[in-house]
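Down below is the structure, laid out as structure tokens.
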Amino acid sequence: MNLRMVGCTHRASGVDLRQQLAFGTEQTSDALARWRERFPTAEFALLSTCNRVELYAAGAGPVEAPETDELVDALLSYHGVPTKRVEGQILSLHQREAVAHLYRVAASLDSMVVGEPQILAQVKQAYQRSVDSGAAGPALHDLFQSALRAARRVYNETSLHKHRVSIPSVAIADFASRVFERFDDKHVLVIGAGEMAEETIRYLQDAGATRIHVVNRSPERALELATAWNGVAVPWERLWDELAAADLVIGATGATEPIVMAQRFERVVAPLRQQRPLFILDLAVPRNFEPEVGEQLGVYLYSLDDLAVACERNRDARAAELPAAEQIIVAETDAFMAAAHRHITGPVISGLRRNLEEPKVAELERLFKKLPDLDERSRTEITQFADRLVNKLLHPPLESLRDASQEGPPHGLLDALRRLFRLEE
Amino acid sequence: MSSGVNMLCFTASFGVALALEAVGLWARPRWRRLAVVAAAVAGIVAQTWYLAERASASPWAPLSSQHDWYLSAAWGLAIVYLALVLYQPRAAIGLFLLPIVLALIGAARFASTEPMAGTEMPRIWGILHGVFLMLGTIAVLLGFVAGLMYLVQSARLKNKAPLSERFRLPSLEWLERVNARSLIAATILVGLGFVSGVLMRLALRDGSGLQWTDPVVISLSGMFSWLVAAEAFRLAYPAARRGRKVAYLTLAGFVFLVITLGTFMSSKSMHGRGGENVGAGQKTVGINPTARPQRAGASSPPAEVTP
């Protein structure tokens, strides 16, 4: 198998380039069809996310996959991006490095937020699109299936994915879930309509929240956010009523002063709530809620600082899991490469053995006919001698083949062996 | 024929389950959860066997004596624990529930094995009285555990304690629900137990009447009154339906229960002779061989049972 990967990732290229080279769903199918037409003997898969654009190409033989330059050209020319534009920002990997890279990507070890779960689904999707477009074959099938297996092993055998590290995910999974058993019947109030509010809503909806009310000083922006997430936009004047009715509140406005004062909360909201639990995520800087609000009975107030401490702790916990995860990647890569090499060298090894076995058997028969008086013990000894001789003769070429396989498919050596020993294809 | 199952068997099993729960505070190997379930199941099977043996030896068992009554309550609570371990596998519920199971078994060890009821007592009322009070006790204890866990979880959240894989508790919402339902169930069951005890006495018609000054009757009346008052308070005052208030109500219910059980064990009452014939759990079966069912009108010991 000949495997190559070219592309750009968040590690080496800027967001501008990644956006320029990104592929939508339809573009992916179109591009795969075009590349397949240009390189008919090769298989292709394209992984395009906000953090990476990676093109994988594989061929069964040494010349059946395009060269790196050809792949880079194929990738850039689709978007009309000049080569000069990507200088120093394109990552190209070959064989083992390409395999290990895909495994690390699928296991989320190469992600911007290590351990984030979305990438595995994106890798699956990339392979599925390749299959649907007819661009995937047996080589990429084996590669992607083993990548998914490696990712699953990392997921199951390490705690890497258990420790959340983004502020909203920690807030919902590590804290809100200790207050509420479920979120589908909870009244969620979002104060503000910025990016942080939106990201938190995404996590809440993943957790099952459906009743989302958005309050914002700008009603247009509130309506926009509410519409995007099937929520309800509520006028700013109803903030205090909403606070009394809510179960979970997210504060994410850009206000320079707290907008929920402890005194007013105690006077207006607390009597209406009757100590019903209220979980408040104050994700704004500066704070939207006075810290004293958290002293009310039944109120659990978390600021960005409180959550940042938990995030940092989780980040450290993830870092501690990385060596174990990397070990799994190395083991899986070794297994894949060994299987791939066996696949290539297998017919040659079988041919070599057959070429020596047949004359051995023939010579033994001839010898035993000439010496009919040999007893059974002598015959066994002679047969074993012949077996050992064949094995010793085979040992050096097989050893050389194995050594050469460490570097990649030993096509040259395999050709030489075929010619030297007149092995049939 | 005795199977050789004794109190030590299930005490040790529940002790192992509790030790494994405690180990979870430091390390959580994969086998631990399975071992906890296995230990709990082993304990329940052994205890069921033990109670069944006692039931086969006594017409009134397994609630014929204080000893049996405590063991039955521990058995019920152990089943609740097993169900919760399976329903909330990551929560450290055993750390709160198993000590109570072991405490009930310990109480059984020192409780009287003498029959609580005379043979002249109507059997059906006696069984109902014992079963309702035992279930009521389980409900009060479950509410107490849920209330305790609620307060711990609430304090951890107030103090912004990070999520710990090694010490997890159910959500406040779940604990509050269990707490409230336990309080309702305890009120109803203790009430039914109380009423069935009164009816049992009334059904006796031997002229002995209800003995309201009996220490156990007084303490049980106190606990029942508290449960009714707590439930009424909970229904009338919305803030008491949720959060820490309902947790405090169930904690207070537990205090009343401890007083009642203490009286039950320590004082000479119609419910048994506290402190006498202790050391059960060995080969003795908690039934007086002379206390076999007798024909009505036959000579029998004085009535000993009231609610």
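Residues are named by chain letter and number: chains run A, B, ... in the order of the structure tokens, numbers start at 1 in each chain, and ligands are numbered from 1 in the order shown.
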
Can I get the residues of stretch 92-194 of chain A within 10 Å of stretch 21-28 of chain A, each with the closest pair of atoms and their distance in Å to one decimal, using only C-alpha atoms, sorted chain first then ascending number, as JSON lines?
```
{"residue": "A:Gln125", "atom": "CA", "partner": "A:Thr25", "partner_atom": "CA", "distance": 10.0}
{"residue": "A:Ala126", "atom": "CA", "partner": "A:Thr28", "partner_atom": "CA", "distance": 8.9}
{"residue": "A:Arg129", "atom": "CA", "partner": "A:Thr28", "partner_atom": "CA", "distance": 7.7}
{"residue": "A:Ser130", "atom": "CA", "partner": "A:Thr28", "partner_atom": "CA", "distance": 8.5}
{"residue": "A:Ser133", "atom": "CA", "partner": "A:Thr28", "partner_atom": "CA", "distance": 9.0}
```

Per residue of chain B within 9 Å of chain A, record the nearest atom pair and its distance in Å to one decimal, counting only C-alpha atoms, with rows in chain order and ascending residue number, as CSV.
```
residue,atom,partner,partner_atom,distance
B:Gln153,CA,A:Arg178,CA,7.9
B:Ser154,CA,A:Val179,CA,8.3
B:Leu157,CA,A:Tyr300,CA,6.8
B:Lys158,CA,A:Tyr300,CA,6.0
B:Lys160,CA,A:Asp306,CA,6.9
B:Ala161,CA,A:Ala310,CA,8.8
B:Pro162,CA,A:Ala310,CA,6.1
B:Leu163,CA,A:Asp174,CA,5.6
B:Ser164,CA,A:Asp174,CA,8.9
B:Arg168,CA,A:Arg178,CA,8.9
B:Leu169,CA,A:Arg178,CA,7.8
B:Pro170,CA,A:Arg178,CA,6.8
B:Ser171,CA,A:Arg178,CA,4.3
B:Leu172,CA,A:Val179,CA,4.7
B:Glu173,CA,A:Phe180,CA,5.2
B:Trp174,CA,A:Glu181,CA,6.1
B:Pro238,CA,A:Gln274,CA,6.5
B:Ala239,CA,A:Gln274,CA,4.8
B:Ala240,CA,A:Gln274,CA,8.5
B:Arg241,CA,A:Arg276,CA,9.0
B:Arg242,CA,A:Arg276,CA,6.5
B:Gly243,CA,A:Gly298,CA,6.7
B:Arg244,CA,A:Gly298,CA,8.1
```

Between atom CA of A:Tyr78 and atom CA of A:Arg11, what is the distance in Å, rounded to a tenth?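 Between atom CA of A:Tyr78 and atom CA of A:Arg11 the gap is 22.6 Å.
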
Applying 12 Å and only C-alpha atoms, which residues near B:Arg33 remain after dropping the ones on its own chain fewer than 4 positions away? List them as a ChimeraX atom specification. /B:17-24,27-29,37-40,82,85-86,88-92,94

Given only C-alpha atoms as the counted atoms, nearest of B:Leu51, B:Ala12, B:Leu199, B:Ala185 to B:Gly106: B:Ala12
